[in-house]
file input-v8.cif (mmCIF, C-alpha atoms and all ligand atoms)
data_target
loop_
_atom_site.label_atom_id
_atom_site.label_comp_id
_atom_site.auth_asym_id
_atom_site.auth_seq_id
_atom_site.Cartn_x
_atom_site.Cartn_y
_atom_site.Cartn_z
CA MET A 1 272.21 85.22 166.64
CA ARG A 2 272.48 87.94 169.27
CA ASP A 3 275.48 88.42 171.54
CA SER A 4 275.27 89.31 175.23
CA LYS A 5 274.96 93.04 174.33
CA GLY A 6 271.99 92.35 172.06
CA ARG A 7 273.92 92.93 168.83
CA GLU A 8 272.81 90.85 165.86
CA ILE A 9 275.88 88.86 164.73
CA ASN A 10 275.33 87.74 161.16
CA TYR A 11 278.53 88.53 159.21
CA LEU A 12 281.50 86.13 158.93
CA ARG A 13 284.86 87.27 157.55
CA LEU A 14 286.61 84.14 156.40
CA SER A 15 290.38 84.35 155.95
CA VAL A 16 291.45 81.54 153.60
CA THR A 17 295.21 82.17 153.78
CA ASP A 18 297.75 84.24 155.67
CA ARG A 19 299.98 84.54 152.57
CA CYS A 20 300.08 87.37 150.09
CA ASN A 21 301.67 88.23 146.75
CA ILE A 22 302.54 91.80 147.83
CA ARG A 23 303.85 93.37 151.05
CA CYS A 24 301.82 96.47 151.94
CA ILE A 25 303.89 98.63 154.28
CA TYR A 26 301.03 98.88 156.81
CA CYS A 27 300.23 95.18 156.81
CA MET A 28 302.98 92.65 156.13
CA PRO A 29 306.65 92.47 157.06
CA GLU A 30 308.87 93.04 154.02
CA SER A 31 310.29 89.52 154.34
CA GLY A 32 306.79 87.97 154.41
CA VAL A 33 305.12 86.16 157.26
CA PRO A 34 306.47 83.12 159.15
CA LEU A 35 305.52 80.06 157.10
CA VAL A 36 302.87 77.91 158.69
CA SER A 37 302.88 74.23 157.75
CA HIS A 38 300.04 73.12 155.46
CA SER A 39 298.78 70.72 158.12
CA ASP A 40 298.13 73.66 160.47
CA ILE A 41 295.89 75.39 157.94
CA LEU A 42 292.30 74.32 157.35
CA SER A 43 292.00 72.26 154.16
CA VAL A 44 289.42 73.24 151.54
CA ASP A 45 286.97 70.64 152.90
CA GLU A 46 287.60 71.65 156.52
CA THR A 47 287.12 75.32 155.64
CA VAL A 48 283.76 74.60 154.02
CA ARG A 49 282.67 72.33 156.86
CA LEU A 50 283.67 74.78 159.60
CA ALA A 51 282.19 77.76 157.76
CA GLY A 52 278.94 75.80 157.42
CA ILE A 53 278.88 74.97 161.14
CA ILE A 54 279.47 78.62 162.07
CA MET A 55 276.92 79.88 159.54
CA ARG A 56 274.22 77.59 160.87
CA ALA A 57 275.16 78.05 164.55
CA ALA A 58 275.02 81.86 164.39
CA ASP A 59 272.61 82.21 161.45
CA ILE A 60 275.20 84.08 159.37
CA ARG A 61 273.77 86.12 156.46
CA LYS A 62 276.95 87.48 154.88
CA VAL A 63 280.35 85.87 154.28
CA ARG A 64 283.38 87.79 153.07
CA ILE A 65 286.29 85.75 151.71
CA THR A 66 289.54 87.50 152.67
CA GLY A 67 293.14 86.82 153.73
CA GLY A 68 296.15 87.46 153.35
CA GLU A 69 295.42 87.59 149.68
CA PRO A 70 292.55 85.13 149.14
CA LEU A 71 293.28 84.63 145.45
CA VAL A 72 296.70 83.08 146.14
CA ARG A 73 294.96 80.30 148.10
CA LYS A 74 294.87 77.10 146.06
CA GLY A 75 291.28 75.95 145.83
CA VAL A 76 289.72 79.30 146.69
CA SER A 77 287.01 78.78 144.04
CA ASP A 78 286.23 75.37 145.56
CA ILE A 79 285.84 77.03 148.96
CA VAL A 80 283.49 79.61 147.44
CA ARG A 81 281.50 76.93 145.61
CA GLY A 82 281.30 74.83 148.77
CA ILE A 83 280.03 77.70 150.88
CA SER A 84 277.61 79.01 148.30
CA GLY A 85 274.32 77.29 148.90
CA LEU A 86 275.25 75.96 152.37
CA HIS A 87 273.04 78.53 154.05
CA PRO A 88 271.24 81.53 152.51
CA CYS A 89 273.73 84.42 152.57
CA GLU A 90 275.53 87.10 150.57
CA LEU A 91 278.95 85.90 149.42
CA VAL A 92 281.56 88.59 148.73
CA LEU A 93 285.34 88.93 148.42
CA THR A 94 288.09 91.37 149.37
CA THR A 95 291.25 91.27 147.23
CA ASN A 96 294.25 93.32 146.20
CA GLY A 97 293.02 92.68 142.66
CA LEU A 98 296.26 91.38 141.13
CA LEU A 99 294.91 87.94 140.22
CA LEU A 100 291.31 88.99 139.86
CA ARG A 101 291.21 89.51 136.10
CA SER A 102 292.13 85.90 135.38
CA MET A 103 289.93 84.43 138.13
CA VAL A 104 286.85 86.62 138.27
CA LYS A 105 284.66 84.53 135.95
CA GLN A 106 285.29 81.30 137.83
CA LEU A 107 284.74 83.09 141.16
CA ALA A 108 281.46 84.60 139.96
CA GLU A 109 280.36 81.18 138.67
CA ALA A 110 281.29 79.67 142.03
CA GLY A 111 279.04 82.16 143.84
CA ILE A 112 280.89 85.44 144.54
CA GLU A 113 278.37 88.28 144.20
CA ARG A 114 280.54 91.37 144.75
CA VAL A 115 284.19 92.35 145.23
CA ASN A 116 286.08 94.98 147.19
CA ILE A 117 289.47 95.83 145.72
CA SER A 118 292.22 97.47 147.78
CA LEU A 119 294.18 100.31 146.17
CA ASP A 120 296.10 102.97 148.10
CA SER A 121 297.32 105.29 145.35
CA LEU A 122 296.62 106.20 141.74
CA ARG A 123 300.31 106.81 141.03
CA ASP A 124 302.42 103.83 139.96
CA GLU A 125 305.52 104.94 141.82
CA ARG A 126 303.52 105.23 145.08
CA ILE A 127 301.65 101.97 144.51
CA ASN A 128 305.04 100.28 144.21
CA ARG A 129 306.35 101.97 147.34
CA ILE A 130 303.26 101.06 149.39
CA SER A 131 302.93 97.48 148.09
CA ARG A 132 306.71 96.94 147.88
CA ARG A 133 306.05 95.21 144.56
CA ASP A 134 305.91 96.12 140.88
CA VAL A 135 302.20 96.89 140.60
CA SER A 136 300.63 99.48 138.33
CA LEU A 137 297.32 101.32 138.33
CA ARG A 138 296.66 99.60 135.00
CA ASN A 139 296.67 96.19 136.77
CA ILE A 140 293.95 97.38 139.13
CA GLU A 141 291.91 99.15 136.46
CA ASP A 142 291.93 95.89 134.47
CA ALA A 143 290.70 94.04 137.56
CA VAL A 144 287.92 96.61 138.06
CA ALA A 145 286.83 96.30 134.41
CA ALA A 146 286.86 92.49 134.64
CA ALA A 147 284.73 92.60 137.79
CA PHE A 148 282.14 94.82 136.08
CA ASP A 149 282.20 92.53 133.01
CA ALA A 150 281.48 89.56 135.26
CA GLY A 151 278.42 91.38 136.62
CA LEU A 152 279.89 92.06 140.06
CA ASP A 153 278.32 95.47 140.52
CA PRO A 154 278.92 97.66 142.58
CA VAL A 155 282.70 97.32 142.66
CA LYS A 156 284.11 98.96 145.79
CA VAL A 157 287.68 100.23 146.04
CA ASN A 158 289.18 100.61 149.52
CA CYS A 159 292.02 103.05 150.18
CA VAL A 160 293.90 103.21 153.50
CA VAL A 161 294.70 106.90 154.03
CA MET A 162 298.16 107.64 155.46
CA ARG A 163 299.63 111.03 156.29
CA ASP A 164 302.41 112.19 153.97
CA ILE A 165 302.08 108.95 152.01
CA ASN A 166 298.80 109.27 150.07
CA ASP A 167 296.60 111.78 151.96
CA ASP A 168 296.94 114.27 149.09
CA GLU A 169 295.02 111.87 146.79
CA ILE A 170 291.52 112.07 148.32
CA GLU A 171 290.22 114.39 145.61
CA ASP A 172 291.93 112.35 142.86
CA PHE A 173 290.39 109.13 144.17
CA ILE A 174 286.90 110.63 144.18
CA ARG A 175 287.31 111.96 140.62
CA TRP A 176 288.69 108.57 139.54
CA SER A 177 285.65 106.84 141.08
CA TRP A 178 283.40 109.08 138.95
CA GLU A 179 285.35 108.11 135.80
CA THR A 180 285.48 104.37 136.47
CA GLY A 181 282.10 103.87 138.17
CA VAL A 182 283.59 102.28 141.31
CA THR A 183 282.47 103.16 144.84
CA VAL A 184 285.47 104.50 146.73
CA ARG A 185 285.84 104.04 150.49
CA PHE A 186 288.58 105.61 152.55
CA ILE A 187 289.85 103.69 155.60
CA GLU A 188 291.43 105.25 158.67
CA HIS A 189 294.84 103.68 159.14
CA MET A 190 294.80 101.38 162.17
CA PRO A 191 297.97 101.00 164.25
CA SER A 192 300.37 98.82 162.32
CA ARG A 193 304.01 98.14 161.66
CA LEU A 194 304.23 101.54 159.96
CA SER A 195 306.10 103.96 162.21
CA GLY A 196 305.44 107.68 162.62
CA ASP A 197 302.30 109.77 162.76
CA THR A 198 300.44 108.36 159.76
CA PHE A 199 296.90 108.61 161.15
CA VAL A 200 294.44 110.75 159.17
CA SER A 201 291.02 111.15 160.79
CA ARG A 202 287.59 110.95 159.20
CA ASP A 203 287.13 114.71 159.64
CA GLU A 204 290.36 115.43 157.76
CA ILE A 205 289.28 113.11 154.96
CA ILE A 206 285.93 114.95 154.72
CA GLU A 207 287.72 118.30 154.72
CA LYS A 208 289.98 117.23 151.87
CA ALA A 209 287.01 115.87 149.90
CA SER A 210 284.98 119.04 150.40
CA VAL A 211 287.01 120.89 147.73
CA LEU A 212 284.70 119.01 145.34
CA GLY A 213 281.45 120.30 146.86
CA GLU A 214 279.26 120.38 149.94
CA ILE A 215 279.30 117.02 151.74
CA ILE A 216 276.29 115.49 153.44
CA ARG A 217 276.36 112.36 155.60
CA GLN A 218 273.76 110.07 154.07
CA SER A 219 273.65 106.87 156.03
CA ASP A 220 275.73 104.02 157.32
CA SER A 221 276.42 100.84 155.41
CA GLY A 222 277.95 98.19 157.65
CA THR A 223 281.05 99.78 159.12
CA ALA A 224 281.24 102.56 156.52
CA GLY A 225 279.67 106.00 156.78
CA ILE A 226 278.27 107.05 153.40
CA TYR A 227 278.71 110.67 152.27
CA SER A 228 277.33 112.47 149.23
CA PHE A 229 278.04 115.70 147.36
CA GLY A 230 274.78 117.59 147.89
CA ASP A 231 271.98 115.86 146.00
CA THR A 232 274.16 114.88 143.02
CA GLY A 233 273.89 111.16 143.84
CA GLN A 234 277.73 110.96 143.89
CA THR A 235 278.83 109.21 147.07
CA PHE A 236 281.93 107.93 148.82
CA GLY A 237 282.43 105.99 152.04
CA ILE A 238 284.65 106.34 155.10
CA ILE A 239 285.52 103.43 157.37
CA ALA A 240 286.62 105.11 160.57
CA PRO A 241 287.42 102.55 163.29
CA PHE A 242 288.73 105.36 165.51
CA SER A 243 286.63 108.46 164.74
CA ASP A 244 283.43 106.45 164.31
CA PRO A 245 283.96 102.94 165.72
CA MET A 246 280.41 101.58 165.23
CA CYS A 247 281.24 98.83 167.75
CA SER A 248 277.74 99.11 169.25
CA SER A 249 276.28 97.83 165.97
CA CYS A 250 279.13 95.50 164.94
CA SER A 251 277.77 92.32 163.35
CA ARG A 252 281.08 90.60 162.54
CA ILE A 253 283.04 87.58 163.58
CA ARG A 254 286.20 86.30 161.92
CA LEU A 255 287.61 82.86 161.16
CA SER A 256 291.33 82.63 160.39
CA ALA A 257 292.93 80.16 157.98
CA LEU A 258 294.29 78.41 161.09
CA GLY A 259 290.73 77.70 162.19
CA THR A 260 290.65 80.28 164.99
CA LEU A 261 287.48 82.22 165.64
CA HIS A 262 287.94 85.88 166.60
CA SER A 263 284.78 87.64 167.73
CA CYS A 264 286.46 91.08 167.54
CA LEU A 265 289.35 92.69 165.68
CA ALA A 266 290.90 93.38 169.09
CA GLU A 267 290.86 89.72 170.06
CA GLU A 268 294.41 88.55 169.46
CA VAL A 269 294.12 84.98 170.73
CA GLY A 270 290.63 83.85 169.70
CA VAL A 271 289.11 80.39 170.08
CA SER A 272 290.92 77.61 168.22
CA LEU A 273 288.49 75.21 166.55
CA ILE A 274 290.84 73.18 164.33
CA GLU A 275 291.60 70.43 166.83
CA LEU A 276 287.98 70.00 167.84
CA LEU A 277 287.04 69.87 164.16
CA ARG A 278 289.65 67.14 163.57
CA SER A 279 288.61 65.14 166.62
CA ASP A 280 285.60 62.86 166.85
CA ALA A 281 283.50 65.73 168.17
CA GLY A 282 280.44 66.23 166.03
CA ASP A 283 279.17 69.45 164.49
CA GLU A 284 276.98 70.19 167.52
CA ALA A 285 280.00 70.29 169.88
CA VAL A 286 281.73 72.80 167.57
CA SER A 287 278.49 74.82 167.29
CA GLU A 288 278.28 75.12 171.09
CA ILE A 289 281.80 76.63 171.26
CA VAL A 290 280.97 78.99 168.38
CA ARG A 291 277.81 80.22 170.09
CA GLY A 292 279.73 80.75 173.34
CA ALA A 293 282.39 82.82 171.55
CA VAL A 294 279.73 84.92 169.82
CA ILE A 295 277.89 85.57 173.08
CA ARG A 296 281.15 86.74 174.71
CA LYS A 297 282.02 89.17 171.87
CA PRO A 298 283.77 92.20 173.48
CA ASP A 299 281.86 95.49 173.78
CA SER A 300 284.37 97.34 171.61
CA HIS A 301 287.88 97.18 170.19
CA GLY A 302 288.74 100.07 172.52
CA GLY A 303 291.29 101.38 170.04
CA CYS A 304 293.36 98.25 170.46
CA VAL A 305 293.08 96.32 167.21
CA HIS A 306 294.81 93.17 166.04
CA ALA A 307 298.16 94.12 164.51
CA LYS A 308 298.27 91.15 162.15
CA MET A 309 295.61 92.02 159.57
CA TRP A 310 297.04 89.48 157.13
CA LYS A 311 296.29 86.76 159.69
CA ILE A 312 292.83 87.78 160.81
CA GLY A 313 291.58 89.15 157.50
CA GLY A 314 291.42 92.93 158.00
N1 LIG A 401 294.68 91.09 150.63
C1 LIG A 401 293.35 91.56 150.54
C2 LIG A 401 293.31 93.06 150.36
O1 LIG A 401 294.33 93.72 150.61
O2 LIG A 401 292.26 93.56 149.98
C3 LIG A 401 292.48 91.16 151.71
C4 LIG A 401 293.10 91.17 153.09
S1 LIG A 401 293.52 92.79 153.70
C5 LIG A 401 294.19 92.37 155.29
C6 LIG A 401 291.92 93.45 154.02
C7 LIG A 401 291.87 94.94 154.15
O3 LIG A 401 292.53 95.33 155.34
C8 LIG A 401 292.51 95.73 153.00
O4 LIG A 401 291.58 96.64 152.45
C9 LIG A 401 293.63 96.46 153.68
O5 LIG A 401 293.89 97.71 153.07
C10 LIG A 401 293.12 96.59 155.10
N2 LIG A 401 294.16 96.83 156.09
C11 LIG A 401 295.25 96.08 156.34
N3 LIG A 401 296.00 96.64 157.32
C12 LIG A 401 295.36 97.79 157.67
C13 LIG A 401 295.63 98.82 158.63
N4 LIG A 401 296.70 98.79 159.40
N5 LIG A 401 294.74 99.85 158.72
C14 LIG A 401 293.63 99.89 157.94
N6 LIG A 401 293.33 98.94 157.04
C15 LIG A 401 294.18 97.91 156.90
FE1 LIG A 402 298.48 91.62 151.25
FE2 LIG A 402 296.06 92.70 151.68
FE3 LIG A 402 297.98 92.83 153.56
FE4 LIG A 402 298.28 94.25 151.35
S1 LIG A 402 296.65 94.49 152.87
S2 LIG A 402 299.87 92.96 152.32
S3 LIG A 402 297.35 92.94 149.85
S4 LIG A 402 297.00 91.00 152.84
#
call {"tool": "encode", "arguments": {"input": "input-v8.cif", "output": "structure tokens"}}
result
Amino acid sequence: MRDSKGREINYLRLSVTDRCNIRCIYCMPESGVPLVSHSDILSVDETVRLAGIIMRAADIRKVRITGGEPLVRKGVSDIVRGISGLHPCELVLTTNGLLLRSMVKQLAEAGIERVNISLDSLRDERINRISRRDVSLRNIEDAVAAAFDAGLDPVKVNCVVMRDINDDEIEDFIRWSWETGVTVRFIEHMPSRLSGDTFVSRDEIIEKASVLGEIIRQSDSGTAGIYSFGDTGQTFGIIAPFSDPMCSSCSRIRLSALGTLHSCLAEEVGVSLIELLRSDAGDEAVSEIVRGAVIRKPDSHGGCVHAKMWKIGG
């Protein structure tokens, strides 16, 4: 459906948990997030029902399962299976990759068509420092290989670029993407719990990548700008919420694991749907609220984005 600014809203990011098995320095507090009681989180059946209502109400064409870390959510494959086939749409997943190898077959069978894997360094010592957990590049390379084996092609790898933390790895990441066959996308760091001047702009990322050859902007794909090295066919992406916000063509809405609909990353409060869903109100009453929230989607995030990515799904 279209919002009041005429934008086509057809992409739902569905956060199935606010928990995670690692503690990225730019995302989660080291001690984890305040525990929410199970009864305050949508059950598997409620998640599928509410996703279905939203998908039909707004004519959603793409659903991304996210979190927190979606693969720590018990029943995530049942959620995927339930959503798949509810309404014609692309069904994709964003994950830190740690549990992917063991789950990818069942996820693909349940209906996942593609995966994005988050990885912020190619050096084990840095991966550990950024994730505050004992994670190695090998873990992620195994996840990438398993995703390709399961037919989930292309596999995208997302890297949040942070000054003096990993901004010297742009060239390495691009070379690594050539070796492994993944599509790498660099993300501008959005304001977070990380202190200091960590922001690296899109132009700086391009400058660092240009040591590998002349860079041409090809096109846009969703929120990512796609860049290529001349006419070699080798590409990489940049998601630049600050340098290149793309709010005027944003097609996304977000549903949190608590059952709150956020029509923009900047919308901290959102519209809570869980109580209405659990009341006697029928699907049409919930649909009306969903359509109202979509219509009122803000013009832009205005540089003020939701600080709790683990809650809203990044
Ligand atoms: N746990 C999964 C993962 O890390 O891929 C999915 C949820 S995570 C919140 C989704 C995406 O948001 C990840 O790619 C992560 O790097 C990104 N993200 C989280 N905080 C961010 C920030 N402050 N700036 C830019 N990207 C961020
Ligand atoms: Fe977990 Fe993803 Fe946040 Fe990292 S970015 S702490 S993997 S939810």
call {"tool": "closest_atom_pairs", "arguments": {"input": "input-v8.cif", "of": "chain A", "to": "ligand LIG 401 (chain A)", "cutoff": "9 Å", "atoms": "all atoms listed in the file", "output": "Markdown table"}}
result
| residue | atom | partner | partner_atom | distance |
| --- | --- | --- | --- | --- |
| A:Ser15 | CA | A:LIG401 | C4 | 7.9 |
| A:Asp18 | CA | A:LIG401 | C4 | 8.7 |
| A:Arg19 | CA | A:LIG401 | N1 | 8.6 |
| A:Cys20 | CA | A:LIG401 | N1 | 6.6 |
| A:Asn21 | CA | A:LIG401 | N1 | 8.5 |
| A:Ile22 | CA | A:LIG401 | N1 | 8.4 |
| A:Cys24 | CA | A:LIG401 | C11 | 7.9 |
| A:Ile25 | CA | A:LIG401 | N3 | 8.7 |
| A:Tyr26 | CA | A:LIG401 | N4 | 5.0 |
| A:Cys27 | CA | A:LIG401 | N3 | 4.5 |
| A:Met28 | CA | A:LIG401 | N3 | 8.1 |
| A:Ile65 | CA | A:LIG401 | C3 | 8.2 |
| A:Thr66 | CA | A:LIG401 | C3 | 4.8 |
| A:Gly67 | CA | A:LIG401 | C4 | 4.4 |
| A:Gly68 | CA | A:LIG401 | N1 | 4.8 |
| A:Glu69 | CA | A:LIG401 | N1 | 3.7 |
| A:Pro70 | CA | A:LIG401 | N1 | 6.5 |
| A:Leu71 | CA | A:LIG401 | N1 | 8.4 |
| A:Leu93 | CA | A:LIG401 | C3 | 8.2 |
| A:Thr94 | CA | A:LIG401 | O2 | 4.7 |
| A:Thr95 | CA | A:LIG401 | O2 | 3.7 |
| A:Asn96 | CA | A:LIG401 | C2 | 4.3 |
| A:Gly97 | CA | A:LIG401 | O2 | 7.4 |
| A:Asn116 | CA | A:LIG401 | O2 | 6.9 |
| A:Ile117 | CA | A:LIG401 | O2 | 5.6 |
| A:Ser118 | CA | A:LIG401 | O2 | 4.5 |
| A:Leu119 | CA | A:LIG401 | O5 | 7.4 |
| A:Asp120 | CA | A:LIG401 | O5 | 7.6 |
| A:Val157 | CA | A:LIG401 | O4 | 8.3 |
| A:Asn158 | CA | A:LIG401 | O4 | 5.5 |
| A:Cys159 | CA | A:LIG401 | O5 | 6.4 |
| A:Val160 | CA | A:LIG401 | O5 | 5.5 |
| A:Val161 | CA | A:LIG401 | C14 | 8.1 |
| A:Ile187 | CA | A:LIG401 | C14 | 5.8 |
| A:Glu188 | CA | A:LIG401 | C14 | 5.8 |
| A:His189 | CA | A:LIG401 | N5 | 3.9 |
| A:Met190 | CA | A:LIG401 | N5 | 3.8 |
| A:Pro191 | CA | A:LIG401 | N4 | 5.5 |
| A:Ser192 | CA | A:LIG401 | N4 | 4.7 |
| A:Arg193 | CA | A:LIG401 | N4 | 7.7 |
| A:Leu194 | CA | A:LIG401 | N4 | 8.0 |
| A:Ile239 | CA | A:LIG401 | C14 | 8.9 |
| A:Pro241 | CA | A:LIG401 | C14 | 8.6 |
| A:Val305 | CA | A:LIG401 | N4 | 9.0 |
| A:His306 | CA | A:LIG401 | N4 | 8.9 |
| A:Ala307 | CA | A:LIG401 | N4 | 7.1 |
| A:Lys308 | CA | A:LIG401 | N3 | 7.7 |
| A:Met309 | CA | A:LIG401 | C5 | 4.5 |
| A:Trp310 | CA | A:LIG401 | C5 | 4.5 |
| A:Lys311 | CA | A:LIG401 | C5 | 7.4 |
| A:Ile312 | CA | A:LIG401 | C5 | 7.3 |
| A:Gly313 | CA | A:LIG401 | C5 | 4.7 |
| A:Gly314 | CA | A:LIG401 | O3 | 3.8 |
call {"tool": "atom_distance", "arguments": {"input": "input-v8.cif", "atom1": "CA of Cys250 in chain A", "atom2": "CA of Val33 in chain A"}}
result
28.7 Å
call {"tool": "atom_distance", "arguments": {"input": "input-v8.cif", "atom1": "CA of Asp142 in chain A", "atom2": "CA of Arg101 in chain A"}}
result
6.6 Å
call {"tool": "axis_aligned_box", "arguments": {"input": "input-v8.cif", "around": "ligand LIG 402 (chain A)", "padding_each_side": "3 Å", "output": "AutoDock Vina command-line options"}}
result
--center_x 298.0 --center_y 92.7 --center_z 151.7 --size_x 9.8 --size_y 9.5 --size_z 9.7
call {"tool": "closest_residue", "arguments": {"input": "input-v8.cif", "among": "A:Met246, A:Leu50, A:Ile174, A:Ala209", "to": "Ile79 in chain A", "atoms": "all atoms listed in the file"}}
result
A:Leu50
call {"tool": "atom_distance", "arguments": {"input": "input-v8.cif", "atom1": "CA of Glu125 in chain A", "atom2": "CA of Val72 in chain A"}}
result
24.0 Å
call {"tool": "residues_around", "arguments": {"input": "input-v8.cif", "residues": "range 258-266 of chain A", "least_positions_apart": "3", "cutoff": "10 Å", "atoms": "all atoms listed in the file", "output": "PyMOL selection string"}}
result
chain A and resi 9+12-18+36+38-43+46-47+50-51+54+247+250-255+269-277+289-290+293-309+311-314
call {"tool": "write_last_selection", "arguments": {"input": "input-v8.cif", "atoms": "C-alpha atoms", "output": "PDB file, in the frame of the given file"}}
result
ATOM      1  CA  ILE A   9     275.880  88.860 164.730  1.00  0.00           C
ATOM      2  CA  LEU A  12     281.500  86.130 158.930  1.00  0.00           C
ATOM      3  CA  ARG A  13     284.860  87.270 157.550  1.00  0.00           C
ATOM      4  CA  LEU A  14     286.610  84.140 156.400  1.00  0.00           C
ATOM      5  CA  SER A  15     290.380  84.350 155.950  1.00  0.00           C
ATOM      6  CA  VAL A  16     291.450  81.540 153.600  1.00  0.00           C
ATOM      7  CA  THR A  17     295.210  82.170 153.780  1.00  0.00           C
ATOM      8  CA  ASP A  18     297.750  84.240 155.670  1.00  0.00           C
ATOM      9  CA  VAL A  36     302.870  77.910 158.690  1.00  0.00           C
ATOM     10  CA  HIS A  38     300.040  73.120 155.460  1.00  0.00           C
ATOM     11  CA  SER A  39     298.780  70.720 158.120  1.00  0.00           C
ATOM     12  CA  ASP A  40     298.130  73.660 160.470  1.00  0.00           C
ATOM     13  CA  ILE A  41     295.890  75.390 157.940  1.00  0.00           C
ATOM     14  CA  LEU A  42     292.300  74.320 157.350  1.00  0.00           C
ATOM     15  CA  SER A  43     292.000  72.260 154.160  1.00  0.00           C
ATOM     16  CA  GLU A  46     287.600  71.650 156.520  1.00  0.00           C
ATOM     17  CA  THR A  47     287.120  75.320 155.640  1.00  0.00           C
ATOM     18  CA  LEU A  50     283.670  74.780 159.600  1.00  0.00           C
ATOM     19  CA  ALA A  51     282.190  77.760 157.760  1.00  0.00           C
ATOM     20  CA  ILE A  54     279.470  78.620 162.070  1.00  0.00           C
ATOM     21  CA  CYS A 247     281.240  98.830 167.750  1.00  0.00           C
ATOM     22  CA  CYS A 250     279.130  95.500 164.940  1.00  0.00           C
ATOM     23  CA  SER A 251     277.770  92.320 163.350  1.00  0.00           C
ATOM     24  CA  ARG A 252     281.080  90.600 162.540  1.00  0.00           C
ATOM     25  CA  ILE A 253     283.040  87.580 163.580  1.00  0.00           C
ATOM     26  CA  ARG A 254     286.200  86.300 161.920  1.00  0.00           C
ATOM     27  CA  LEU A 255     287.610  82.860 161.160  1.00  0.00           C
ATOM     28  CA  VAL A 269     294.120  84.980 170.730  1.00  0.00           C
ATOM     29  CA  GLY A 270     290.630  83.850 169.700  1.00  0.00           C
ATOM     30  CA  VAL A 271     289.110  80.390 170.080  1.00  0.00           C
ATOM     31  CA  SER A 272     290.920  77.610 168.220  1.00  0.00           C
ATOM     32  CA  LEU A 273     288.490  75.210 166.550  1.00  0.00           C
ATOM     33  CA  ILE A 274     290.840  73.180 164.330  1.00  0.00           C
ATOM     34  CA  GLU A 275     291.600  70.430 166.830  1.00  0.00           C
ATOM     35  CA  LEU A 276     287.980  70.000 167.840  1.00  0.00           C
ATOM     36  CA  LEU A 277     287.040  69.870 164.160  1.00  0.00           C
ATOM     37  CA  ILE A 289     281.800  76.630 171.260  1.00  0.00           C
ATOM     38  CA  VAL A 290     280.970  78.990 168.380  1.00  0.00           C
ATOM     39  CA  ALA A 293     282.390  82.820 171.550  1.00  0.00           C
ATOM     40  CA  VAL A 294     279.730  84.920 169.820  1.00  0.00           C
ATOM     41  CA  ILE A 295     277.890  85.570 173.080  1.00  0.00           C
ATOM     42  CA  ARG A 296     281.150  86.740 174.710  1.00  0.00           C
ATOM     43  CA  LYS A 297     282.020  89.170 171.870  1.00  0.00           C
ATOM     44  CA  PRO A 298     283.770  92.200 173.480  1.00  0.00           C
ATOM     45  CA  ASP A 299     281.860  95.490 173.780  1.00  0.00           C
ATOM     46  CA  SER A 300     284.370  97.340 171.610  1.00  0.00           C
ATOM     47  CA  HIS A 301     287.880  97.180 170.190  1.00  0.00           C
ATOM     48  CA  GLY A 302     288.740 100.070 172.520  1.00  0.00           C
ATOM     49  CA  GLY A 303     291.290 101.380 170.040  1.00  0.00           C
ATOM     50  CA  CYS A 304     293.360  98.250 170.460  1.00  0.00           C
ATOM     51  CA  VAL A 305     293.080  96.320 167.210  1.00  0.00           C
ATOM     52  CA  HIS A 306     294.810  93.170 166.040  1.00  0.00           C
ATOM     53  CA  ALA A 307     298.160  94.120 164.510  1.00  0.00           C
ATOM     54  CA  LYS A 308     298.270  91.150 162.150  1.00  0.00           C
ATOM     55  CA  MET A 309     295.610  92.020 159.570  1.00  0.00           C
ATOM     56  CA  LYS A 311     296.290  86.760 159.690  1.00  0.00           C
ATOM     57  CA  ILE A 312     292.830  87.780 160.810  1.00  0.00           C
ATOM     58  CA  GLY A 313     291.580  89.150 157.500  1.00  0.00           C
ATOM     59  CA  GLY A 314     291.420  92.930 158.000  1.00  0.00           C
TER      60      GLY A 314
END
call {"tool": "residues_around", "arguments": {"input": "input-v8.cif", "residues": "Thr235 in chain A", "least_positions_apart": "2", "cutoff": "9 Å", "atoms": "only C-alpha atoms", "output": "list in words"}}
result
Ile174, Thr183, Val184, Gln218, Ile226, Tyr227, Ser228, Phe229, Thr232, Gly233 and Gly237 of chain A
call {"tool": "closest_residue", "arguments": {"input": "input-v8.cif", "among": "A:Glu30, A:Asp124, A:Asp203, A:Glu141", "to": "ligand LIG 402 (chain A)", "atoms": "only C-alpha atoms and all ligand atoms"}}
result
A:Glu30
